[in-house]
Each structure stands twice: as C-alpha cells, then as structure tokens.
Amino acid sequence: MPKILIVGGGYAGFYTAWKLEKWLARGEADVTVVDPLPYMTYQPFLPEVAAGSIEPRHAVVALRRHLKRTNVVTARVTGIDHASKTATITPPVGEPWEFEYDQIVVTAGSVSRTFPIPGVADNAIGLKTIEEATAIRDRILGNFEKASNLPAGPERDRLLTFVVVGGGFAGIEIFGEMRSLATSLLKYYPSLSFEDTHFHLIEAMGRIMPEVSLPTSQWVIKNLAQRGAEVHLNTQLASAVDGRIELSTGESFESDLIVWTAGVMATPMLRGTDLPLEERGRLRVQADLRVVNDDGVVPDAWGAGDVAAVPDLTGKGVGGYCVPNAQHAVRQGKRLAKNIVAVLRGEQTKDYYHENLGAVAGLGLGIGAFQSGNLAVKGLLAWFMHRGYHGLAIPTWERKTRVAVNWVLNFLLSRDIVELSAREHPRVAFETFASRPKS
Ligand SMILES: Cc1cc2nc3c(=O)[nH]c(=O)nc-3n(C[C@H](O)[C@H](O)[C@H](O)COP(=O)(O)OP(=O)(O)OC[C@H]3O[C@@H](n4cnc5c(N)ncnc54)[C@H](O)[C@@H]3O)c2cc1C
C-alpha cells in the first residue's frame, strides 16, 4: 500500500486527509498526518475566542476524533529528505524516528512574521494559535481586575492600554473584538470608566484591510474611532522595550498587551529540506499542487495552504499567487486529495482554480464588514453574515453545533468574564499548603 505522509494537520492538511478518507478505496493507500498539535485550529475564530464569544476548545477540531481512517501522529516533522523519501519525525517525548513515504503532502502553514524591532520578540504576542487567543482574553480580563484596585495614574493606564500592530484582516478583527470585550466589561467595574481604556492599532501603510474597498476600510476606521479605538495609519512601531511603545510619529505610551498581526511567513522548517522553495521561503508548486523545481515536476511531492506559493489562475492573486487565507487552504486541500487519488489511479490531475468569494470580518459584537466586488455590507447585517458564514464553515457538525449553541447561550446570558490565567501555575495552591517531610 502506498504511504501518504501529510505534514501539518491545519486547514489544508486536515481537509486533504478528510477527503482522502472519503475518496480513497479501502486498502488503496495508508495516510498519516503529523502535527505537533492534536487539533486543527479554526483561525478565523481566534478573535472571537480572545473576546470570550467562543470557548477555546470549540474553535479547534480534534484530529483523532474526526480523522477515523488516518494515522494521527502528534509530533513535529523536523526534516525531509525527498531524495530518499524520508521524513524525520520528532515527538515531544522520546527519540526522533525516520518515516519512509511514497507521497508527501506539505501543509505546514505559516508563522507570525516579525521585524527586528526592539522589545517585540520579548513583549508582544501573536495571534496564530488557540493558546495565544486564550492568553489575550485572560490578559484583558486580568488587567481589568488589577486596574480596578488602582488609583488613576500611569500604572492603571498601562494596564488598560491595548495595542495591535498590523491593520490586515486579522489585526482589525482582533482590535474590534478586544474593544468590544473591554466595553462590555466596564459595567462590572464601577471604579473604571470608558475614558480609562485606550486602544491603538498601528499600521505602516496608508490604509487597512486591503481585501476590502477603500470606502469600506474607511468606514471601519470611523466605526472604531466612534468606539474609542484609534487607528494610526502611516505609522510604524519603533520600539516596544518593556512595553513602552514608541511610534515613528514620535508618540509614546506604555502598554501591557501588544498583539502582533503584521503578516505571516511560510513555516521555516522547510528551509532545512531538499524541497524547492521560492524567494519568500514558500514551497514551489504548480497549479495542480505538485511540487516543481527548475526541471519540472518533483515526483510524489505536493503542497498547499500558507506554506506553498500556489499560482492563482484567476490572475487576481498578489504577485500571481494565491493569498494566504483559509478560503484557498480549504479548497486546495480538497483539490490536492482529488489529485493524489488521480495520480494513484493513473488518471490526470486538475489545476486548482478558485474565484475569490469576497471577505467578511467580525469587528466586535453586532458589528461587521463584508465586501465582494463592489458590493459592501456594513454593521449588524455584515456581522450576521460573518457568523453565518464561519458558523457553517468550521468543519464537522459536532463543532458547528458547539459554536452555535455557545453563541445562543452568550446571547441569552452574555459572555463569560472569568479569567483563568492561574491555570498556568496550577500547583501553586496545592504546593503552598502541602505538608513536607521534616528535615
Ligand atoms: C486571526 C486570524 C484570522 C483569520 N481569518 C481568516 C478569515 O476570516 N478568512 C480566511 O480565509 N482566512 C483567515 N485567516 C487565514 C487562515 O486561517 C490561514 O490562511 C489558514 O489557516 C492556512 O491554512 P494552512 O493549512 O496553510 O495552515 P494552518 O491552518 O496554520 O495549519 C498548519 C499546521 O501545520 C502544523 N505544523 C507546523 N509546523 C509543522 C511541522 N514542522 N511538522 C508538522 N506539522 C507542522 C501546525 O501545527 C498547523 O496545525 C485567518 C488567520 C488568522 C491568524
């Protein structure tokens, strides 16, 4: 039986495995997915997780539960030698081992791309994982608790000043959601007022959200400003040492939460392999998702999602390639599964082609923005569209149900405002009072 190795069980990898289960006959191939995480993360929900509108575990899809005919390995692929068709798999505990495959599918996604700005690596947090989203939620809630005990002054300002760097889709969504959460919290903290909370989004370009039209992006900036959240355009973060924000405009203030959403780059693990990469470090693939080098197709190697430079045959992609988003990753995963099955059966592969469906963003409870071509929808209707689309798009009915039920409960009971950052040190309470042997 041919062995198919899928590196990364996120969007593209999960869908490839899921569809292979559907389209491969029993005994036709043996599929293994390797990911250090036992779940696929539905990243478009991360801003709502950070805002307490979705419970963290509901926004991830357990690989073992939903991939019933796939071998799931919770470990990291740390090397690929395609010449010998061997991958090195490194588990969290135990020795690494070599895995021999017949076909490899690289869907290892992307990581936050940062610049060497002083203080960013030490003080900022990204928004690519469920753990980051949960930590942002806890930080906002925890800071409200701490600030409510303090008199007005620099320390209280620092705790209640929140910064997002990067005005792309993810940045604007998390910014809007954080503002929404903070505003909803104020009624529980009589000692704090709306004016005590400060929100800054820093964007180097002259506009935000390139996926929507300029008028729609300007509407979003105005809406955020009305809600007390300031967008700094044409501004760069110069320093974030010890949480002291210094902007290229000369403005400076302190913040206890800096969320970095200024772009992504292909997972660097690929740089140590013999697979062909383009200048930005992405895997070189042709439109049917087979890996290519200067001599043509590299047999038995495939790539999709954020990690791969997939030609956009609609002609609308940035630099001729598909932009890194879930819309593409899901469909590429499905196409990739079909093409592998075709190759195994000696049939022709088909090129990946997808016309952009538009973009929909949630900007906090009851506020959204949608754009498709010249059609723009803003406000409450767009927010329902955002929830409707993503509520249906998260894979499996089990997950859709959990998210939808949680939304209904939050509508009836409002979102949960408990912070659980103490879970990071769960033994403290026990250890403090535990009896120890007398010396
Ligand atoms: C906050 C946020 C909001 C977003 N909102 C939208 C949206 O509204 N619409 C939209 O279309 N897109 C959205 N996106 C983008 C979208 O989520 C990504 O483009 C998509 O997740 C890419 O899928 P992927 O499979 O390539 O990577 P991922 O989903 O990131 O999966 C990669 C997987 O590879 C694993 N991995 C990494 N390294 C290794 C290794 N060495 N070995 C094994 N496994 C490895 C990772 O653990 C991960 O599970 C959003 C992204 C973010 C961060």
# chains A, B, ... in the order shown; residues from 1 in each chain; ligands from 1

call {"tool": "residues_around", "arguments": {"residues": "Ile202 in chain A", "least_positions_apart": "3", "cutoff": "10 Å", "atoms": "only C-alpha atoms", "output": "ChimeraX atom specification"}}
result
/A:163-167,171,205,208,230-237,247,260,262

call {"tool": "closest_atom_pairs", "arguments": {"of": "range 67-150 of chain A", "to": "range 404-428 of chain A", "cutoff": "8 Å", "atoms": "only C-alpha atoms", "output": "CSV"}}
result
residue,atom,partner,partner_atom,distance
A:Ala135,CA,A:Ser421,CA,7.4
A:Arg137,CA,A:Glu419,CA,7.5
A:Asp138,CA,A:Glu419,CA,4.9
A:Arg139,CA,A:Ser421,CA,7.7
A:Leu141,CA,A:Glu419,CA,5.7
A:Gly142,CA,A:Glu419,CA,6.2

call {"tool": "closest_residue", "arguments": {"among": "A:Leu270, A:Leu277, A:Leu192, A:Ile4", "to": "ligand 1", "atoms": "only C-alpha atoms and all ligand atoms"}}
result
A:Leu270

call {"tool": "residues_near_ligand", "arguments": {"ligand": "ligand 1", "cutoff": "6 Å", "atoms": "only C-alpha atoms and all ligand atoms", "output": "mmCIF file with N, CA, C and O atoms, in the first residue's frame"}}
result
data_model
loop_
_atom_site.group_PDB
_atom_site.id
_atom_site.type_symbol
_atom_site.label_atom_id
_atom_site.label_comp_id
_atom_site.auth_asym_id
_atom_site.auth_seq_id
_atom_site.Cartn_x
_atom_site.Cartn_y
_atom_site.Cartn_z
ATOM 1 N N VAL A 7 2.229 16.540 6.192
ATOM 2 C CA VAL A 7 2.996 17.302 7.194
ATOM 3 C C VAL A 7 2.177 18.530 7.582
ATOM 4 O O VAL A 7 2.141 19.523 6.862
ATOM 5 N N GLY A 8 1.499 18.451 8.729
ATOM 6 C CA GLY A 8 0.686 19.579 9.177
ATOM 7 C C GLY A 8 -0.793 19.263 9.022
ATOM 8 O O GLY A 8 -1.265 19.038 7.912
ATOM 9 N N GLY A 9 -1.514 19.239 10.143
ATOM 10 C CA GLY A 9 -2.947 18.925 10.113
ATOM 11 C C GLY A 9 -3.796 20.146 10.375
ATOM 12 O O GLY A 9 -4.793 20.090 11.090
ATOM 13 N N GLY A 10 -3.387 21.291 9.796
ATOM 14 C CA GLY A 10 -4.216 22.507 9.913
ATOM 15 C C GLY A 10 -5.284 22.472 8.832
ATOM 16 O O GLY A 10 -5.772 21.406 8.456
ATOM 17 N N TYR A 11 -5.639 23.656 8.343
ATOM 18 C CA TYR A 11 -6.697 23.743 7.332
ATOM 19 C C TYR A 11 -6.457 22.817 6.142
ATOM 20 O O TYR A 11 -7.229 21.901 5.866
ATOM 21 N N ALA A 12 -5.357 23.074 5.406
ATOM 22 C CA ALA A 12 -5.120 22.339 4.168
ATOM 23 C C ALA A 12 -4.859 20.862 4.460
ATOM 24 O O ALA A 12 -5.376 19.985 3.762
ATOM 25 N N GLY A 13 -4.079 20.571 5.504
ATOM 26 C CA GLY A 13 -3.747 19.186 5.830
ATOM 27 C C GLY A 13 -4.961 18.406 6.311
ATOM 28 O O GLY A 13 -5.178 17.258 5.915
ATOM 29 N N VAL A 34 0.952 14.182 10.440
ATOM 30 C CA VAL A 34 1.834 14.502 11.575
ATOM 31 C C VAL A 34 1.685 15.983 11.893
ATOM 32 O O VAL A 34 1.816 16.837 11.010
ATOM 33 N N ASP A 35 1.388 16.276 13.132
ATOM 34 C CA ASP A 35 1.255 17.672 13.566
ATOM 35 C C ASP A 35 1.614 17.721 15.053
ATOM 36 O O ASP A 35 1.220 16.826 15.807
ATOM 37 N N PRO A 36 2.366 18.739 15.490
ATOM 38 C CA PRO A 36 2.661 18.810 16.928
ATOM 39 C C PRO A 36 1.402 19.052 17.758
ATOM 40 O O PRO A 36 1.395 18.790 18.969
ATOM 41 N N LEU A 37 0.344 19.544 17.118
ATOM 42 C CA LEU A 37 -0.908 19.794 17.831
ATOM 43 C C LEU A 37 -1.900 18.683 17.509
ATOM 44 O O LEU A 37 -2.000 18.266 16.362
ATOM 45 N N MET A 40 -6.828 20.707 14.640
ATOM 46 C CA MET A 40 -6.765 21.745 13.614
ATOM 47 C C MET A 40 -7.405 23.002 14.208
ATOM 48 O O MET A 40 -8.446 22.914 14.868
ATOM 49 N N GLN A 43 -8.694 29.220 12.613
ATOM 50 C CA GLN A 43 -8.092 30.533 12.939
ATOM 51 C C GLN A 43 -9.043 31.732 12.804
ATOM 52 O O GLN A 43 -8.911 32.692 13.571
ATOM 53 N N PRO A 44 -9.989 31.733 11.861
ATOM 54 C CA PRO A 44 -10.894 32.889 11.803
ATOM 55 C C PRO A 44 -11.676 33.118 13.094
ATOM 56 O O PRO A 44 -12.206 34.208 13.318
ATOM 57 N N LEU A 46 -10.254 32.937 16.099
ATOM 58 C CA LEU A 46 -9.362 33.354 17.189
ATOM 59 C C LEU A 46 -9.756 34.724 17.771
ATOM 60 O O LEU A 46 -9.741 34.888 18.998
ATOM 61 N N PRO A 47 -10.112 35.723 16.941
ATOM 62 C CA PRO A 47 -10.515 36.998 17.551
ATOM 63 C C PRO A 47 -11.728 36.841 18.480
ATOM 64 O O PRO A 47 -11.786 37.464 19.540
ATOM 65 N N ARG A 76 6.404 16.582 15.568
ATOM 66 C CA ARG A 76 6.811 17.601 14.601
ATOM 67 C C ARG A 76 7.670 16.961 13.520
ATOM 68 O O ARG A 76 8.512 16.104 13.846
ATOM 69 N N VAL A 77 7.457 17.317 12.288
ATOM 70 C CA VAL A 77 8.376 16.882 11.238
ATOM 71 C C VAL A 77 9.546 17.863 11.267
ATOM 72 O O VAL A 77 9.367 19.070 11.103
ATOM 73 N N THR A 78 10.726 17.345 11.525
ATOM 74 C CA THR A 78 11.890 18.234 11.686
ATOM 75 C C THR A 78 12.857 18.117 10.519
ATOM 76 O O THR A 78 13.848 18.843 10.471
ATOM 77 N N THR A 107 1.792 20.714 4.207
ATOM 78 C CA THR A 107 0.748 21.688 4.536
ATOM 79 C C THR A 107 1.049 22.252 5.939
ATOM 80 O O THR A 107 0.173 22.301 6.792
ATOM 81 N N ALA A 108 2.307 22.641 6.136
ATOM 82 C CA ALA A 108 2.744 23.042 7.486
ATOM 83 C C ALA A 108 2.443 24.507 7.810
ATOM 84 O O ALA A 108 2.847 25.012 8.859
ATOM 85 N N GLY A 109 1.730 25.205 6.920
ATOM 86 C CA GLY A 109 1.217 26.535 7.246
ATOM 87 C C GLY A 109 2.279 27.611 7.401
ATOM 88 O O GLY A 109 3.380 27.529 6.843
ATOM 89 N N SER A 110 1.929 28.597 8.208
ATOM 90 C CA SER A 110 2.790 29.768 8.348
ATOM 91 C C SER A 110 2.949 30.130 9.819
ATOM 92 O O SER A 110 2.216 29.630 10.677
ATOM 93 N N LEU A 127 -1.106 36.021 17.048
ATOM 94 C CA LEU A 127 -2.485 35.532 17.048
ATOM 95 C C LEU A 127 -2.619 34.470 15.958
ATOM 96 O O LEU A 127 -3.289 34.659 14.960
ATOM 97 N N LYS A 128 -1.936 33.348 16.185
ATOM 98 C CA LYS A 128 -1.994 32.237 15.236
ATOM 99 C C LYS A 128 -2.506 30.970 15.911
ATOM 100 O O LYS A 128 -2.849 30.019 15.233
ATOM 101 N N ALA A 170 -6.804 40.088 10.127
ATOM 102 C CA ALA A 170 -6.704 39.519 11.473
ATOM 103 C C ALA A 170 -6.518 40.632 12.505
ATOM 104 O O ALA A 170 -7.120 40.609 13.583
ATOM 105 N N MET A 269 10.677 25.546 8.873
ATOM 106 C CA MET A 269 11.182 24.170 8.848
ATOM 107 C C MET A 269 11.583 23.727 7.439
ATOM 108 O O MET A 269 12.529 22.966 7.233
ATOM 109 N N GLY A 305 -1.857 25.498 0.865
ATOM 110 C CA GLY A 305 -2.056 26.377 2.017
ATOM 111 C C GLY A 305 -0.985 27.458 2.102
ATOM 112 O O GLY A 305 -0.255 27.724 1.145
ATOM 113 N N ASP A 306 -0.868 28.044 3.289
ATOM 114 C CA ASP A 306 0.030 29.186 3.506
ATOM 115 C C ASP A 306 1.493 28.871 3.203
ATOM 116 O O ASP A 306 2.280 29.763 2.901
ATOM 117 N N VAL A 307 1.869 27.601 3.322
ATOM 118 C CA VAL A 307 3.277 27.233 3.174
ATOM 119 C C VAL A 307 3.708 27.204 1.700
ATOM 120 O O VAL A 307 4.894 27.204 1.399
ATOM 121 N N PRO A 324 -2.449 34.035 1.245
ATOM 122 C CA PRO A 324 -2.565 33.013 2.304
ATOM 123 C C PRO A 324 -3.856 33.179 3.091
ATOM 124 O O PRO A 324 -3.930 33.983 4.010
ATOM 125 N N ASN A 325 -4.893 32.462 2.706
ATOM 126 C CA ASN A 325 -6.106 32.505 3.519
ATOM 127 C C ASN A 325 -6.812 31.154 3.538
ATOM 128 O O ASN A 325 -6.455 30.237 2.795
ATOM 129 N N ALA A 326 -7.806 31.067 4.421
ATOM 130 C CA ALA A 326 -8.485 29.794 4.625
ATOM 131 C C ALA A 326 -9.335 29.419 3.416
ATOM 132 O O ALA A 326 -9.468 28.234 3.096
ATOM 133 N N GLN A 327 -9.875 30.435 2.781
ATOM 134 C CA GLN A 327 -10.678 30.189 1.580
ATOM 135 C C GLN A 327 -9.891 29.327 0.589
ATOM 136 O O GLN A 327 -10.411 28.381 0.004
ATOM 137 N N ALA A 329 -6.901 27.647 1.385
ATOM 138 C CA ALA A 329 -6.323 26.439 2.020
ATOM 139 C C ALA A 329 -7.313 25.272 1.999
ATOM 140 O O ALA A 329 -6.947 24.141 1.680
#

call {"tool": "select_by_dssp", "arguments": {"residues": "range 23-255 of chain A", "states": "strand (DSSP E)", "output": "PyMOL selection string"}}
result
chain A and resi 30-35+39-41+60-62+71-74+76-81+86-90+97-100+103-106+110-112+124-125+161-165+198-202+229-232+237-239+244-247+252-254

call {"tool": "atom_distance", "arguments": {"atom1": "CA of Gly391 in chain A", "atom2": "CA of Val403 in chain A"}}
result
6.9 Å

call {"tool": "residues_around", "arguments": {"residues": "Arg156 in chain A", "least_positions_apart": "4", "cutoff": "10 Å", "atoms": "only C-alpha atoms", "output": "PyMOL selection string"}}
result
chain A and resi 143-144+146-152+160-161+192+196-197

call {"tool": "closest_residue", "arguments": {"among": "A:Thr267, A:Thr86, A:Thr249, A:Thr261", "to": "Gly168 in chain A", "atoms": "only C-alpha atoms"}}
result
A:Thr261

call {"tool": "closest_atom_pairs", "arguments": {"of": "range 12-113 of chain A", "to": "range 284-290 of chain A", "cutoff": "12 Å", "atoms": "only C-alpha atoms", "output": "JSON lines"}}
result
{"residue": "A:Ala12", "atom": "CA", "partner": "A:Leu289", "partner_atom": "CA", "distance": 11.6}
{"residue": "A:Thr16", "atom": "CA", "partner": "A:Leu289", "partner_atom": "CA", "distance": 11.8}
{"residue": "A:Gln103", "atom": "CA", "partner": "A:Arg290", "partner_atom": "CA", "distance": 10.6}
{"residue": "A:Ile104", "atom": "CA", "partner": "A:Arg290", "partner_atom": "CA", "distance": 10.0}
{"residue": "A:Val105", "atom": "CA", "partner": "A:Arg290", "partner_atom": "CA", "distance": 9.0}
{"residue": "A:Val106", "atom": "CA", "partner": "A:Leu289", "partner_atom": "CA", "distance": 10.1}
{"residue": "A:Thr107", "atom": "CA", "partner": "A:Leu289", "partner_atom": "CA", "distance": 11.0}

call {"tool": "select_by_dssp", "arguments": {"residues": "range 204-256 of chain A", "states": "alpha helix (DSSP H)", "output": "ChimeraX atom specification"}}
result
/A:214-226

call {"tool": "closest_residue", "arguments": {"among": "A:Met265, A:Leu344, A:Phe194, A:Tyr189", "to": "Met1 in chain A", "atoms": "only C-alpha atoms"}}
result
A:Leu344

call {"tool": "decode", "arguments": {"residues": "range 304-352 of chain A", "atoms": "N, CA and C atoms", "output": "tab-separated table (two decimals), in the first residue's frame"}}
result
chain	number	residue	atom	x	y	z
A	304	ALA	N	0.25	22.76	-0.29
A	304	ALA	CA	-0.96	23.61	-0.33
A	304	ALA	C	-1.01	24.48	0.92
A	305	GLY	N	-1.86	25.50	0.86
A	305	GLY	CA	-2.06	26.38	2.02
A	305	GLY	C	-0.99	27.46	2.10
A	306	ASP	N	-0.87	28.04	3.29
A	306	ASP	CA	0.03	29.19	3.51
A	306	ASP	C	1.49	28.87	3.20
A	307	VAL	N	1.87	27.60	3.32
A	307	VAL	CA	3.28	27.23	3.17
A	307	VAL	C	3.71	27.20	1.70
A	308	ALA	N	2.73	27.19	0.79
A	308	ALA	CA	3.05	26.99	-0.63
A	308	ALA	C	2.73	28.22	-1.47
A	309	ALA	N	3.55	28.44	-2.51
A	309	ALA	CA	3.26	29.52	-3.47
A	309	ALA	C	2.45	28.89	-4.59
A	310	VAL	N	1.12	28.97	-4.44
A	310	VAL	CA	0.23	28.33	-5.42
A	310	VAL	C	-0.17	29.36	-6.47
A	311	PRO	N	0.08	29.08	-7.76
A	311	PRO	CA	-0.32	30.06	-8.78
A	311	PRO	C	-1.82	30.32	-8.72
A	312	ASP	N	-2.19	31.60	-8.80
A	312	ASP	CA	-3.61	31.96	-8.82
A	312	ASP	C	-4.03	32.13	-10.28
A	313	LEU	N	-4.73	31.14	-10.80
A	313	LEU	CA	-5.06	31.14	-12.24
A	313	LEU	C	-6.14	32.16	-12.59
A	314	THR	N	-6.76	32.78	-11.58
A	314	THR	CA	-7.75	33.83	-11.90
A	314	THR	C	-7.02	35.09	-12.35
A	315	GLY	N	-5.71	35.15	-12.11
A	315	GLY	CA	-4.94	36.34	-12.48
A	315	GLY	C	-5.07	37.48	-11.48
A	316	LYS	N	-5.79	37.25	-10.37
A	316	LYS	CA	-6.02	38.34	-9.41
A	316	LYS	C	-5.15	38.24	-8.17
A	317	GLY	N	-4.33	37.19	-8.09
A	317	GLY	CA	-3.53	36.99	-6.87
A	317	GLY	C	-2.37	37.98	-6.79
A	318	VAL	N	-1.92	38.23	-5.57
A	318	VAL	CA	-0.79	39.14	-5.36
A	318	VAL	C	0.47	38.47	-5.90
A	319	GLY	N	1.13	39.11	-6.88
A	319	GLY	CA	2.34	38.54	-7.49
A	319	GLY	C	2.04	37.28	-8.29
A	320	GLY	N	0.76	37.06	-8.60
A	320	GLY	CA	0.39	35.88	-9.39
A	320	GLY	C	0.08	34.65	-8.54
A	321	TYR	N	0.18	34.79	-7.20
A	321	TYR	CA	-0.04	33.64	-6.32
A	321	TYR	C	-1.29	33.83	-5.46
A	322	CYS	N	-1.84	32.71	-4.99
A	322	CYS	CA	-2.98	32.77	-4.08
A	322	CYS	C	-2.54	33.44	-2.78
A	323	VAL	N	-3.38	34.31	-2.25
A	323	VAL	CA	-3.04	34.93	-0.96
A	323	VAL	C	-3.20	33.88	0.14
A	324	PRO	N	-2.45	34.03	1.25
A	324	PRO	CA	-2.56	33.01	2.30
A	324	PRO	C	-3.86	33.18	3.09
A	325	ASN	N	-4.89	32.46	2.71
A	325	ASN	CA	-6.11	32.50	3.52
A	325	ASN	C	-6.81	31.15	3.54
A	326	ALA	N	-7.81	31.07	4.42
A	326	ALA	CA	-8.49	29.79	4.63
A	326	ALA	C	-9.33	29.42	3.42
A	327	GLN	N	-9.87	30.44	2.78
A	327	GLN	CA	-10.68	30.19	1.58
A	327	GLN	C	-9.89	29.33	0.59
A	328	HIS	N	-8.62	29.67	0.40
A	328	HIS	CA	-7.78	28.90	-0.52
A	328	HIS	C	-7.34	27.58	0.12
A	329	ALA	N	-6.90	27.65	1.38
A	329	ALA	CA	-6.32	26.44	2.02
A	329	ALA	C	-7.31	25.27	2.00
A	330	VAL	N	-8.59	25.56	2.31
A	330	VAL	CA	-9.61	24.50	2.33
A	330	VAL	C	-9.78	23.90	0.94
A	331	ARG	N	-9.93	24.77	-0.03
A	331	ARG	CA	-10.19	24.27	-1.40
A	331	ARG	C	-8.96	23.61	-2.00
A	332	GLN	N	-7.79	24.13	-1.65
A	332	GLN	CA	-6.57	23.47	-2.14
A	332	GLN	C	-6.44	22.07	-1.52
A	333	GLY	N	-6.79	21.96	-0.25
A	333	GLY	CA	-6.74	20.65	0.42
A	333	GLY	C	-7.63	19.64	-0.30
A	334	LYS	N	-8.84	20.09	-0.67
A	334	LYS	CA	-9.77	19.19	-1.35
A	334	LYS	C	-9.24	18.82	-2.74
A	335	ARG	N	-8.74	19.82	-3.47
A	335	ARG	CA	-8.21	19.57	-4.81
A	335	ARG	C	-7.01	18.63	-4.74
A	336	LEU	N	-6.16	18.87	-3.73
A	336	LEU	CA	-4.96	18.05	-3.56
A	336	LEU	C	-5.34	16.58	-3.34
A	337	ALA	N	-6.34	16.36	-2.49
A	337	ALA	CA	-6.78	14.97	-2.23
A	337	ALA	C	-7.25	14.32	-3.53
A	338	LYS	N	-8.03	15.08	-4.31
A	338	LYS	CA	-8.54	14.52	-5.58
A	338	LYS	C	-7.38	14.22	-6.52
A	339	ASN	N	-6.39	15.12	-6.56
A	339	ASN	CA	-5.27	14.92	-7.49
A	339	ASN	C	-4.39	13.74	-7.08
A	340	ILE	N	-4.20	13.55	-5.77
A	340	ILE	CA	-3.40	12.38	-5.34
A	340	ILE	C	-4.12	11.10	-5.75
A	341	VAL	N	-5.42	11.07	-5.50
A	341	VAL	CA	-6.18	9.87	-5.88
A	341	VAL	C	-6.05	9.65	-7.38
A	342	ALA	N	-6.11	10.74	-8.16
A	342	ALA	CA	-5.99	10.62	-9.62
A	342	ALA	C	-4.63	10.02	-9.99
A	343	VAL	N	-3.56	10.52	-9.36
A	343	VAL	CA	-2.22	10.02	-9.68
A	343	VAL	C	-2.10	8.53	-9.31
A	344	LEU	N	-2.63	8.17	-8.13
A	344	LEU	CA	-2.55	6.76	-7.71
A	344	LEU	C	-3.28	5.84	-8.69
A	345	ARG	N	-4.31	6.41	-9.34
A	345	ARG	CA	-5.11	5.57	-10.26
A	345	ARG	C	-4.68	5.76	-11.72
A	346	GLY	N	-3.56	6.51	-11.92
A	346	GLY	CA	-3.07	6.71	-13.28
A	346	GLY	C	-3.93	7.65	-14.10
A	347	GLU	N	-4.67	8.53	-13.39
A	347	GLU	CA	-5.52	9.48	-14.12
A	347	GLU	C	-4.88	10.87	-14.14
A	348	GLN	N	-5.51	11.81	-14.85
A	348	GLN	CA	-4.97	13.17	-14.97
A	348	GLN	C	-5.30	14.00	-13.73
A	349	THR	N	-4.38	14.88	-13.35
A	349	THR	CA	-4.67	15.82	-12.26
A	349	THR	C	-5.38	17.04	-12.86
A	350	LYS	N	-6.01	17.82	-11.99
A	350	LYS	CA	-6.64	19.07	-12.45
A	350	LYS	C	-6.02	20.24	-11.71
A	351	ASP	N	-5.99	21.39	-12.38
A	351	ASP	CA	-5.43	22.58	-11.76
A	351	ASP	C	-6.39	23.15	-10.71
A	352	TYR	N	-5.78	23.78	-9.71
A	352	TYR	CA	-6.58	24.47	-8.68
A	352	TYR	C	-7.01	25.82	-9.24
